[in-house]
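Have a look at input.cif; it's mmCIF, C-alpha atoms:
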```cif
data_work
loop_
_atom_site.label_atom_id
_atom_site.label_comp_id
_atom_site.auth_asym_id
_atom_site.auth_seq_id
_atom_site.Cartn_x
_atom_site.Cartn_y
_atom_site.Cartn_z
CA MET A 110 79.28 98.84 116.75
CA ASN A 111 77.31 96.82 119.26
CA GLU A 112 78.23 93.59 121.00
CA GLN A 113 76.49 91.40 118.42
CA CYS A 114 77.91 93.04 115.33
CA PRO A 115 80.93 91.47 113.67
CA SER A 116 84.15 93.49 113.73
CA ASN A 117 85.09 95.81 110.89
CA PHE A 118 87.63 93.24 109.76
CA VAL A 119 84.96 90.54 109.44
CA LEU A 120 82.61 92.95 107.69
CA ASP A 121 85.38 93.87 105.26
CA ALA A 122 86.06 90.18 104.64
CA PHE A 123 82.32 89.66 104.08
CA ARG A 124 82.13 92.65 101.74
CA LEU A 125 85.06 91.37 99.71
CA GLY A 126 83.58 87.86 99.54
CA PHE A 127 86.09 86.08 101.79
CA ASP A 128 83.81 85.28 104.70
CA HIS A 129 80.11 84.47 104.39
CA ALA A 130 79.51 83.75 108.06
CA PRO A 131 78.08 87.18 108.93
CA ALA A 132 75.44 87.00 106.13
CA ASP A 133 72.54 86.16 108.45
CA HIS A 134 73.46 88.85 110.93
CA VAL A 135 73.95 91.45 108.23
CA LYS A 136 70.50 90.77 106.73
CA SER A 137 68.79 91.91 109.88
CA CYS A 138 71.22 94.51 111.20
CA PRO A 139 70.63 98.14 110.19
CA ARG A 140 73.99 99.20 111.61
CA CYS A 141 75.95 96.67 109.54
CA ASN A 142 73.93 97.53 106.45
CA GLN A 143 74.70 101.19 106.99
CA TRP A 144 78.38 100.36 107.40
CA LEU A 145 78.42 98.30 104.20
CA ALA A 146 76.57 100.99 102.26
CA ALA A 147 79.09 103.60 103.39
CA GLN A 148 81.94 101.34 102.30
CA LYS A 149 80.31 100.82 98.92
CA GLN A 150 79.91 104.55 98.50
CA MET A 151 83.57 105.07 99.38
CA GLU A 152 84.62 102.34 96.92
CA SER A 153 82.84 104.13 94.12
CA LYS A 154 84.86 107.26 94.82
CA LEU A 155 88.21 105.50 94.67
CA ALA A 156 89.76 105.38 91.25
CA PRO A 157 92.18 102.52 90.61
CA PRO A 158 95.86 103.39 90.81
CA VAL A 159 97.63 104.13 87.56
CA ILE A 160 100.79 102.08 87.69
CA PRO A 161 103.23 101.79 84.82
CA THR A 162 103.72 98.14 83.90
CA LYS A 163 107.37 98.78 83.34
CA PRO A 164 109.62 101.62 84.35
CA GLN A 165 109.43 104.62 82.05
CA ARG A 166 112.80 105.25 80.45
CA SER A 167 113.55 108.82 79.57
CA ARG A 168 116.81 110.00 78.13
CA ALA A 169 115.94 113.45 79.25
CA GLY A 170 115.15 112.84 82.88
CA ILE A 171 117.35 112.25 85.85
CA VAL A 172 114.36 111.22 87.92
CA LYS A 173 113.57 107.57 87.38
CA TYR A 174 110.58 106.05 88.99
CA LEU A 175 111.33 102.39 89.42
CA LEU A 176 108.54 100.31 90.78
CA GLY A 177 109.21 97.11 92.58
CA LEU A 178 112.95 97.58 92.71
CA GLY A 179 115.06 98.68 95.60
CA ILE A 180 116.50 102.13 96.09
CA PRO A 181 120.05 101.02 95.15
CA VAL A 182 118.79 99.83 91.77
CA ALA A 183 116.83 103.04 91.30
CA VAL A 184 119.92 105.05 92.17
CA GLY A 185 122.03 103.09 89.69
CA ALA A 186 119.48 103.38 86.92
CA THR A 187 119.04 107.08 87.51
CA ALA A 188 122.79 107.61 87.45
CA LEU A 189 122.96 105.74 84.15
CA LEU A 190 120.24 107.93 82.67
CA ILE A 191 122.13 111.04 83.62
CA TRP A 192 125.29 109.62 82.15
CA VAL A 193 123.72 108.89 78.76
CA SER A 194 121.53 111.95 78.60
CA PRO A 195 123.08 114.70 76.49
CA LYS A 196 120.47 117.32 77.41
CA PRO A 197 118.98 116.61 80.79
CA LEU A 198 115.60 118.15 81.46
CA THR A 199 116.66 118.38 85.05
CA GLU A 200 119.96 119.61 86.26
CA THR A 201 122.34 118.80 89.01
CA ALA A 202 124.29 121.24 91.04
CA LYS A 203 127.62 121.01 92.78
CA GLY A 204 128.07 117.95 94.93
CA GLY A 205 126.28 115.45 92.71
CA PHE A 206 122.69 114.60 92.17
CA VAL A 207 120.15 113.41 94.67
CA PRO A 208 118.03 110.34 93.87
CA VAL A 209 114.39 111.34 94.01
CA GLU A 210 111.17 109.48 93.34
CA ILE A 211 107.77 111.15 93.42
CA ALA A 212 104.52 109.33 94.09
CA ARG A 213 101.43 111.18 92.94
CA MET A 214 97.82 110.78 94.01
CA ARG A 215 95.41 112.27 91.48
CA ALA A 216 91.68 111.91 92.09
CA GLY A 217 92.32 108.87 94.23
CA ALA A 218 94.61 107.23 91.68
CA LEU A 219 98.13 106.45 92.80
CA SER A 220 101.05 106.45 90.39
CA TRP A 221 104.73 107.13 90.21
CA LEU A 222 105.34 110.39 88.43
CA SER A 223 107.46 110.09 85.33
CA PRO A 224 109.41 113.05 83.93
CA GLN A 225 107.14 113.29 80.87
CA GLU A 226 104.00 113.81 82.90
CA SER A 227 102.47 117.08 83.97
CA LEU A 228 101.35 118.08 87.38
CA MET A 229 97.86 119.40 87.89
CA PRO A 230 96.29 121.49 90.65
CA ASN A 231 95.17 119.32 93.56
CA ASP A 232 97.64 116.57 92.74
CA SER A 233 99.03 115.28 95.99
CA VAL A 234 102.69 114.35 95.75
CA ARG A 235 105.04 112.61 98.14
CA PHE A 236 108.80 112.55 97.91
CA PHE A 237 111.15 109.60 98.31
CA VAL A 238 114.63 111.03 98.62
CA GLY A 239 117.82 109.01 98.83
CA LYS A 240 121.32 109.88 99.96
CA SER A 241 123.88 111.26 97.60
CA ASP A 242 126.66 110.16 99.93
CA VAL A 243 126.81 108.31 103.22
CA ALA A 244 127.18 111.47 105.29
CA ASP A 245 123.91 112.95 104.06
CA ARG A 246 121.52 113.44 106.95
CA TYR A 247 119.06 116.19 106.06
CA VAL A 248 116.73 117.19 103.27
CA LEU A 249 115.05 120.45 102.29
CA ILE A 250 112.73 120.82 99.30
CA GLY A 251 111.34 123.92 97.68
CA SER A 252 109.79 124.85 94.37
CA VAL A 253 109.55 127.89 92.16
CA ASP A 254 106.50 128.04 89.91
CA GLY A 255 105.29 130.64 87.43
CA SER A 256 105.00 133.24 90.17
CA GLN A 257 108.80 132.95 90.59
CA GLN A 258 108.31 132.78 94.34
CA VAL A 259 109.73 129.97 96.47
CA SER A 260 107.15 127.53 97.82
CA ARG A 261 108.56 125.78 100.86
CA PHE A 262 107.67 122.09 100.77
CA TYR A 263 109.93 120.57 103.44
CA PRO A 264 109.99 122.16 105.91
CA ALA A 265 106.94 124.34 105.31
CA SER A 266 107.76 126.98 107.91
CA PRO A 267 109.54 130.09 106.51
CA ASP A 268 112.03 129.86 109.38
CA GLY A 269 112.32 126.08 109.30
CA CYS A 270 115.48 124.05 108.80
CA SER A 271 116.10 120.83 106.87
CA VAL A 272 114.25 117.77 108.10
CA PRO A 273 116.00 114.44 108.76
CA LEU A 274 116.19 112.14 105.76
CA PRO A 275 113.73 109.28 106.18
CA ALA A 276 114.87 105.66 106.11
CA PRO A 277 115.54 104.24 102.62
CA GLY A 278 112.29 103.54 100.80
CA GLU A 279 110.22 105.73 103.11
CA ALA A 280 108.56 108.94 101.99
CA LEU A 281 109.02 112.30 103.63
CA ASP A 282 106.29 112.89 106.15
CA GLY A 283 103.14 114.40 104.67
CA SER A 284 102.14 115.18 101.12
CA ILE A 285 102.33 118.37 99.08
CA VAL A 286 99.14 119.47 97.34
CA ILE A 287 99.86 121.27 94.07
CA ASP A 288 98.17 124.65 93.76
CA ALA A 289 96.71 126.36 90.70
CA THR A 290 99.55 128.83 90.08
CA ALA A 291 100.92 128.64 86.54
CA GLY A 292 103.84 126.30 85.99
CA PRO A 293 106.26 124.82 85.46
CA GLU A 294 107.12 123.57 88.92
CA ARG A 295 110.88 123.86 89.32
CA ILE A 296 111.50 121.66 92.30
CA VAL A 297 114.86 121.76 94.05
CA VAL A 298 115.77 118.92 96.39
CA VAL A 299 118.64 119.73 98.73
CA VAL A 300 120.33 116.98 100.71
CA SER A 301 123.06 117.94 103.13
CA HIS A 302 125.32 116.77 105.92
CA ARG A 303 124.08 119.54 108.21
CA PRO A 304 120.71 121.27 108.58
CA LEU A 305 120.13 124.23 106.28
CA CYS A 306 117.55 126.86 107.13
CA TRP A 307 115.16 128.68 104.83
CA PRO A 308 116.24 132.24 105.70
CA SER A 309 119.71 131.60 104.23
CA VAL A 310 118.70 129.09 101.56
CA ALA A 311 115.53 130.50 100.00
CA GLU A 312 117.20 132.98 97.66
CA PRO A 313 120.01 130.64 96.46
CA LEU A 314 117.36 127.97 95.94
CA ARG A 315 115.21 130.37 93.92
CA ARG A 316 118.16 131.24 91.69
CA LEU A 317 119.08 127.58 91.29
CA ALA A 318 115.46 126.73 90.44
CA LEU A 319 115.43 129.42 87.76
CA GLY A 320 118.63 128.04 86.27
CA ASP A 321 121.07 130.61 87.59
CA GLY A 322 123.35 128.03 89.20
CA SER A 323 124.30 127.28 92.79
CA THR A 324 125.33 130.03 95.13
CA GLY A 325 125.64 130.64 98.84
CA GLU A 326 125.07 127.67 101.08
CA LEU A 327 123.95 125.52 98.17
CA ALA A 328 127.41 125.75 96.61
CA THR A 329 129.29 124.04 99.45
CA ASP A 330 130.76 120.55 99.26
CA ASP A 331 128.52 119.00 101.90
CA VAL A 332 125.36 119.98 100.02
CA HIS A 333 123.87 118.04 97.10
CA THR A 334 121.04 119.38 95.01
CA THR A 335 118.81 118.18 92.22
CA ARG A 336 116.56 120.39 90.13
CA LEU A 337 113.43 118.86 88.62
CA VAL A 338 111.40 120.78 86.10
CA LEU A 339 107.87 119.42 85.90
CA ALA A 340 105.29 120.79 83.50
CA LYS A 341 102.07 121.94 85.10
CA GLN A 342 98.69 121.78 83.48
CA VAL A 343 96.50 124.42 85.01
CA GLU A 344 92.83 124.20 84.06
CA ALA A 345 90.02 126.51 85.02
CA GLU A 346 88.12 123.81 86.86
CA ARG A 347 89.09 120.30 87.91
CA MET B 173 99.93 89.05 93.11
CA THR B 174 100.72 91.18 90.07
CA ARG B 175 100.33 94.93 89.83
CA ASP B 176 97.33 94.36 87.57
CA ASP B 177 95.73 92.23 90.28
CA LEU B 178 96.30 95.04 92.72
CA ILE B 179 94.69 97.56 90.37
CA GLY B 180 91.74 95.23 89.89
CA THR B 181 91.15 94.89 93.60
CA TYR B 182 92.20 98.36 94.67
CA GLN B 183 88.74 99.79 95.11
CA GLY B 184 87.61 97.15 97.59
CA TYR B 185 90.80 97.11 99.59
CA GLY B 186 91.34 100.85 99.18
CA ALA B 187 88.04 101.62 100.89
CA ALA B 188 88.98 99.36 103.79
CA VAL B 189 92.38 100.98 104.19
CA PHE B 190 91.09 104.54 103.91
CA ARG B 191 88.32 103.96 106.44
CA ARG B 192 90.78 102.31 108.77
CA CYS B 193 93.18 105.24 108.56
CA CYS B 194 90.31 107.68 109.17
CA GLN B 195 89.29 105.69 112.21
CA ILE B 196 92.73 105.92 113.78
CA LEU B 197 93.92 109.30 112.54
CA GLY B 198 90.57 111.11 112.54
CA ASN B 199 91.71 113.40 109.75
CA ALA B 200 90.86 112.90 106.09
CA GLN B 201 93.99 114.48 104.60
CA ASP B 202 96.32 112.50 106.87
CA SER B 203 94.28 109.41 106.09
CA ARG B 204 94.73 109.94 102.35
CA ASP B 205 98.46 110.26 102.87
CA ALA B 206 98.55 107.19 105.06
CA SER B 207 96.43 105.16 102.59
CA GLN B 208 98.77 106.18 99.82
CA GLU B 209 101.74 105.05 101.85
CA VAL B 210 100.09 101.72 102.65
CA PHE B 211 99.58 101.03 98.95
CA GLU B 212 103.08 102.18 98.12
CA ARG B 213 104.30 99.49 100.51
CA CYS B 214 101.86 97.06 98.98
CA LEU B 215 103.16 97.84 95.50
CA ARG B 216 106.69 97.20 96.63
CA ARG B 217 105.75 93.81 97.99
CA CYS B 218 103.01 92.83 95.56
CA SER B 219 104.93 89.82 94.29
CA GLU B 220 104.83 88.33 97.82
CA LEU B 221 101.17 89.07 98.51
CA ARG B 222 98.08 87.14 97.42
CA PRO B 223 94.63 88.71 97.05
CA GLY B 224 92.25 87.37 99.66
CA PRO B 225 91.86 87.37 103.42
CA GLU B 226 95.62 87.31 103.95
CA LEU B 227 96.05 90.49 101.96
CA LEU B 228 93.20 92.12 103.88
CA ALA B 229 94.87 91.12 107.16
CA TRP B 230 98.21 92.44 105.89
CA LEU B 231 96.65 95.77 104.91
CA TYR B 232 94.96 96.05 108.31
CA ARG B 233 98.24 95.36 110.06
CA VAL B 234 100.31 97.74 107.94
CA SER B 235 97.75 100.54 108.06
CA THR B 236 97.34 100.15 111.82
CA ASN B 237 101.06 100.31 112.49
CA LEU B 238 101.58 103.15 110.06
CA CYS B 239 98.76 105.20 111.58
CA LEU B 240 100.01 104.53 115.11
CA ASP B 241 103.45 105.72 114.04
CA ARG B 242 101.89 108.86 112.65
CA LEU B 243 99.92 109.43 115.84
CA ARG B 244 103.09 109.08 117.85
CA LYS B 245 104.86 111.62 115.65
CA ARG B 246 102.01 114.05 115.60
CA ARG B 247 100.43 113.98 118.99
CA GLN B 248 99.55 117.63 118.85
CA GLU B 249 97.73 117.23 115.56
CA VAL B 250 95.79 114.29 116.92
CA ALA B 251 94.16 116.58 119.42
CA ALA B 252 92.56 118.54 116.57
CA ALA B 253 88.96 117.90 115.68
CA PRO B 254 88.22 115.50 112.81
CA ASP B 255 87.65 116.97 109.34
CA ASP B 256 84.15 117.51 108.06
CA ASP B 257 84.73 115.19 105.12
CA LEU B 258 85.48 112.17 107.26
CA PRO B 259 83.42 109.22 106.09
CA SER B 260 80.48 108.60 108.37
CA LEU B 261 81.54 105.16 109.50
CA GLY B 262 81.42 103.66 112.93
CA SER B 263 79.99 105.26 115.98
CA ALA B 264 81.15 108.62 117.19
CA GLY B 265 82.55 106.86 120.23
CA GLU B 266 84.89 104.79 118.07
CA THR B 267 86.33 107.66 116.09
CA ARG B 268 86.79 109.77 119.18
CA LEU B 269 88.34 107.01 121.20
CA LEU B 270 91.92 107.95 120.39
CA TYR B 271 91.41 111.58 121.26
CA ARG B 272 90.52 110.96 124.80
CA ASP B 273 93.40 111.99 126.94
CA GLY B 274 93.30 108.94 129.14
CA VAL B 275 93.39 106.55 126.24
CA ARG B 276 96.16 108.48 124.56
CA ARG B 277 98.23 108.38 127.71
CA LEU B 278 97.55 104.69 128.06
CA LEU B 279 98.51 103.93 124.46
CA ALA B 280 101.67 105.98 124.86
CA ALA B 281 102.60 103.97 127.96
CA VAL B 282 102.40 100.49 126.43
CA ALA B 283 104.65 98.66 123.96
CA PRO B 284 103.92 99.09 120.22
CA ARG B 285 102.60 95.54 119.84
CA THR B 286 100.27 96.01 122.81
CA ARG B 287 99.11 99.28 121.29
CA GLU B 288 98.37 97.50 118.03
CA VAL B 289 96.37 94.81 119.82
CA ALA B 290 94.48 97.47 121.76
CA ILE B 291 93.34 99.08 118.51
CA TYR B 292 92.17 95.76 117.13
CA ALA B 293 90.31 94.91 120.31
CA TYR B 294 88.81 98.22 121.34
CA VAL B 295 88.52 100.22 118.11
CA ASP B 296 87.73 97.37 115.71
CA GLY B 297 85.95 95.13 118.18
CA MET B 298 87.86 92.09 116.92
CA THR B 299 87.75 88.79 118.74
CA HIS B 300 90.99 87.25 119.99
CA ASP B 301 90.99 84.86 117.02
CA GLU B 302 90.61 87.72 114.57
CA ILE B 303 93.36 89.70 116.26
CA ALA B 304 95.63 86.67 116.07
CA LYS B 305 94.86 86.29 112.36
CA VAL B 306 95.47 89.94 111.51
CA SER B 307 98.50 90.51 113.73
CA GLY B 308 100.20 87.17 113.10
CA MET B 309 100.42 86.53 116.86
CA THR B 310 99.28 83.47 118.73
CA ASP B 311 96.03 83.59 120.65
CA ARG B 312 98.01 83.39 123.86
CA SER B 313 100.16 86.41 122.92
CA VAL B 314 97.03 88.38 122.16
CA ARG B 315 95.63 87.57 125.61
CA ASN B 316 98.93 88.51 127.23
CA HIS B 317 99.00 91.88 125.46
CA LEU B 318 95.43 92.62 126.52
CA THR B 319 96.24 91.62 130.10
CA ARG B 320 99.25 93.95 130.05
CA LEU B 321 97.08 96.73 128.67
CA ARG B 322 94.48 96.28 131.40
CA ASP B 323 97.18 96.11 134.08
CA THR B 324 98.73 99.34 132.81
CA ALA B 325 95.31 100.99 132.68
CA ARG B 326 94.66 99.92 136.24
CA ARG B 327 98.00 101.30 137.41
CA MET B 328 97.22 104.59 135.69
CA GLY B 329 93.76 104.69 137.21
CA LEU B 330 92.15 104.34 133.78
CA ALA B 331 90.72 100.85 134.06
CA GLY B 332 87.18 102.14 133.77
CA GLU B 333 87.91 103.86 130.47
CA SER B 334 89.87 101.15 128.74
CA SER B 335 88.21 97.89 129.67
#
```
Encoded form using structure tokens:
Amino acid sequence: MNEQCPSNFVLDAFRLGFDHAPADHVKSCPRCNQWLAAQKQMESKLAPPVIPTKPQRSRAGIVKYLLGLGIPVAVGATALLIWVSPKPLTETAKGGFVPVEIARMRAGALSWLSPQESLMPNDSVRFFVGKSDVADRYVLIGSVDGSQQVSRFYPASPDGCSVPLPAPGEALDGSIVIDATAGPERIVVVVSHRPLCWPSVAEPLRRLALGDGSTGELATDDVHTTRLVLAKQVEAER
Amino acid sequence: MTRDDLIGTYQGYGAAVFRRCCQILGNAQDSRDASQEVFERCLRRCSELRPGPELLAWLYRVSTNLCLDRLRKRRQEVAAAPDDDLPSLGSAGETRLLYRDGVRRLLAAVAPRTREVAIYAYVDGMTHDEIAKVSGMTDRSVRNHLTRLRDTARRMGLAGESS
């Protein structure tokens, strides 16, 4: 950007039709034209977000993705779904369930993941995890897919320990990109009063993910877990 | 603004937010995450927001603060080179600005609001009026933050790099 060029903010406002003042400058400025062309190219690559117009209600799911409502409402609604669901797709372990929302970015389109939807390779997902009780401080998330091996989501390091729970309404830091291994993804979210570390948790988490129940450190009173089973659609090429 | 409005205008605003995140974070994957988070916040508050220049200013402000938070949390990652798939926007000097040690030390030494104003002024090249509009500060506050920034830079022996 040179001294004469308008700022990016003004160029954005011009591009979006809010400010026509830079029109004369833009006509004769190769740099601004290049900037606008690059923005246009980027626009064409961005797909609009897919947002449910109303929350998806599933009798089978304990994960409820409520848009526009606060975490307490989401927690209440999710609890209600569990209460009325005779055969939950997802299961809770000792200590009560953990409220979880998952935001998914697929090919540039943002949406809240509902329990009926499938994951696909290259989906980028982010987790919003709430407390199960007021003393909850830490979260650890792993998944077992068709390979039956534990994929460590949070933390990613094999020796890592639970990360602090983010503030209500904030996602865990960083996204998880879904790989092409066959599904389903059996995601286990572990919220606890104290940090838990992968070396002692990986095997109990694997067993819990595969439906063998809670054991070891996951079976203690200060640990709350939720198991989410998400179908995975693996295609040869995306 | 309704969710449908947001979907209808997402491409235009989305490009602005993504480019902005790339400019500050210098990393395409982090920028995708940050853009996603910005729009998640936008979705949560869409009933309070109106499409137009105010929304653009809001997105600039939120994405700037969110990216600065991420930089603060991930200083080591910031030192890494930008990804190859970064959009080719802005001059190389702009996108590298935050990686320069002196600037990073300076930004770490000033208050968050001053840091935000510094990005608007020196990365975006905004005028004081534009900074005031985007940040919601008065023109006088903007000048005060920039004065503080320059004073800090001078004390750190970085005045030549930052002003």
Neighbouring residues of region 274-281 of chain A were defined as those with any atom within 8 Å, considering all atoms listed in the file; residues of the same chain fewer than 4 positions away were excluded. Please report them as a PyMOL selection string.
(chain A and resi 179-180+235-239+245-248) or (chain B and resi 209)
Give as a compact mmCIF listing (two decimals) with C-alpha atoms, keeping the file's coordinate frame every residue, naming chains and numbers as the document does, that has an atom within 6 Å of (110.9, 121.9, 91.8), counting only C-alpha atoms.
```
# COMPACT_ATOMS: atom_id res chain seq x y z
CA SER A 252 109.79 124.85 94.37
CA GLU A 294 107.12 123.57 88.92
CA ARG A 295 110.88 123.86 89.32
CA ILE A 296 111.50 121.66 92.30
CA VAL A 297 114.86 121.76 94.05
CA LEU A 337 113.43 118.86 88.62
CA VAL A 338 111.40 120.78 86.10
```
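Take the candidates A:Leu222, A:Ile250, A:Cys114, A:Met214 and check each one against Pro131 (chain A) using all atoms listed in the file; the shortest distance goes to A:Cys114.
Taking CA of Asp288 (chain A) and CA of Met229 (chain A) as the two end points, the separation is 7.9 Å.
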Closest-contact table, region 176-224 of chain B side, partner region 275-299 of chain B, 12 Å, counting all atoms listed in the file, as a tab-separated table:
```
residue	atom	partner	partner_atom	distance
B:Arg191	CA	B:Asp296	CA	11.4
B:Arg192	CA	B:Asp296	CA	9.0
B:Cys193	CA	B:Ile291	CA	11.7
B:Cys194	CA	B:Val295	CA	11.8
B:Gln195	CA	B:Val295	CA	8.1
B:Ile196	CA	B:Val295	CA	8.3
B:Leu197	CA	B:Ile291	CA	11.9
```
Store the residues picked out above, limited to C-alpha atoms, as a JSON list (two decimals), keeping the file's coordinate frame.
```json
[["chain", "number", "residue", "atom", "x", "y", "z"],
["B", 191, "ARG", "CA", 88.32, 103.96, 106.44],
["B", 192, "ARG", "CA", 90.78, 102.31, 108.77],
["B", 193, "CYS", "CA", 93.18, 105.24, 108.56],
["B", 194, "CYS", "CA", 90.31, 107.68, 109.17],
["B", 195, "GLN", "CA", 89.29, 105.69, 112.21],
["B", 196, "ILE", "CA", 92.73, 105.92, 113.78],
["B", 197, "LEU", "CA", 93.92, 109.30, 112.54]]
```
Shortest interatomic distance to chain B - which of A:Ser256, A:Pro293, A:Ser284, A:Gly269, counting all atoms listed in the file
A:Ser284
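In this model, the gap between CA of Ala146 (chain A) and CA of Asp121 (chain A) comes to 11.7 Å.
The interatomic distance for the pair CA of Ser241 (chain A) and CA of Cys214 (chain B) works out to 26.2 Å.
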Report as a PyMOL selection string the residues that result from applying the PyMOL selection byres ((chain A and resi 304) around 7) to the structure here.
chain A and resi 247+270-271+301-303+305-306
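Shortest atom-to-atom contact with chain B among A:Asp282, A:Glu152, A:Asp321, A:Glu312: A:Glu152, counting all atoms listed in the file.
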Spell out the residues picked by the PyMOL selection byres ((chain A and resi 124-126) around 12) here, as a PDB file with C-alpha atoms, in the coordinates of the input.
```pdb
ATOM      1  CA  ASN A 117      85.090  95.810 110.890  1.00  0.00           C
ATOM      2  CA  PHE A 118      87.630  93.240 109.760  1.00  0.00           C
ATOM      3  CA  VAL A 119      84.960  90.540 109.440  1.00  0.00           C
ATOM      4  CA  LEU A 120      82.610  92.950 107.690  1.00  0.00           C
ATOM      5  CA  ASP A 121      85.380  93.870 105.260  1.00  0.00           C
ATOM      6  CA  ALA A 122      86.060  90.180 104.640  1.00  0.00           C
ATOM      7  CA  PHE A 123      82.320  89.660 104.080  1.00  0.00           C
ATOM      8  CA  PHE A 127      86.090  86.080 101.790  1.00  0.00           C
ATOM      9  CA  ASP A 128      83.810  85.280 104.700  1.00  0.00           C
ATOM     10  CA  HIS A 129      80.110  84.470 104.390  1.00  0.00           C
ATOM     11  CA  ALA A 130      79.510  83.750 108.060  1.00  0.00           C
ATOM     12  CA  PRO A 131      78.080  87.180 108.930  1.00  0.00           C
ATOM     13  CA  ALA A 132      75.440  87.000 106.130  1.00  0.00           C
ATOM     14  CA  VAL A 135      73.950  91.450 108.230  1.00  0.00           C
ATOM     15  CA  CYS A 141      75.950  96.670 109.540  1.00  0.00           C
ATOM     16  CA  ASN A 142      73.930  97.530 106.450  1.00  0.00           C
ATOM     17  CA  TRP A 144      78.380 100.360 107.400  1.00  0.00           C
ATOM     18  CA  LEU A 145      78.420  98.300 104.200  1.00  0.00           C
ATOM     19  CA  ALA A 146      76.570 100.990 102.260  1.00  0.00           C
ATOM     20  CA  ALA A 147      79.090 103.600 103.390  1.00  0.00           C
ATOM     21  CA  GLN A 148      81.940 101.340 102.300  1.00  0.00           C
ATOM     22  CA  LYS A 149      80.310 100.820  98.920  1.00  0.00           C
ATOM     23  CA  GLU A 152      84.620 102.340  96.920  1.00  0.00           C
TER      24      GLU A 152
ATOM     25  CA  THR B 181      91.150  94.890  93.600  1.00  0.00           C
ATOM     26  CA  TYR B 182      92.200  98.360  94.670  1.00  0.00           C
ATOM     27  CA  GLN B 183      88.740  99.790  95.110  1.00  0.00           C
ATOM     28  CA  GLY B 184      87.610  97.150  97.590  1.00  0.00           C
ATOM     29  CA  TYR B 185      90.800  97.110  99.590  1.00  0.00           C
ATOM     30  CA  GLY B 186      91.340 100.850  99.180  1.00  0.00           C
ATOM     31  CA  ALA B 187      88.040 101.620 100.890  1.00  0.00           C
ATOM     32  CA  ALA B 188      88.980  99.360 103.790  1.00  0.00           C
ATOM     33  CA  PRO B 223      94.630  88.710  97.050  1.00  0.00           C
ATOM     34  CA  GLY B 224      92.250  87.370  99.660  1.00  0.00           C
ATOM     35  CA  PRO B 225      91.860  87.370 103.420  1.00  0.00           C
ATOM     36  CA  LEU B 227      96.050  90.490 101.960  1.00  0.00           C
ATOM     37  CA  LEU B 228      93.200  92.120 103.880  1.00  0.00           C
TER      38      LEU B 228
END
```
Starting from the shown file, work through the PyMOL selection byres ((chain A and resi 287) around 6) and note down what comes out as a PyMOL selection string.
chain A and resi 230-232+286+288
From the set A:Ile285, A:Met151, A:Leu249, A:Leu317, which residue has the shortest atom-to-atom contact distance to Arg215 (chain A), counting all atoms listed in the file?
A:Ile285
Quick one: residues within 6 Å of Trp221 (chain A), all atoms listed in the file, excluding same-chain residues fewer than 6 positions away - as a ChimeraX atom specification?
/A:211-213
May I have the residues from that selection written out with C-alpha atoms, as a PDB file, keeping the file's coordinate frame?
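Final output, out-v1.pdb:
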```pdb
ATOM      1  CA  ILE A 211     107.770 111.150  93.420  1.00  0.00           C
ATOM      2  CA  ALA A 212     104.520 109.330  94.090  1.00  0.00           C
ATOM      3  CA  ARG A 213     101.430 111.180  92.940  1.00  0.00           C
TER       4      ARG A 213
END
```
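Nearest residue to chain B among A:Gly283, A:Pro308, A:Pro264, A:Pro273 is A:Gly283, counting only C-alpha atoms.
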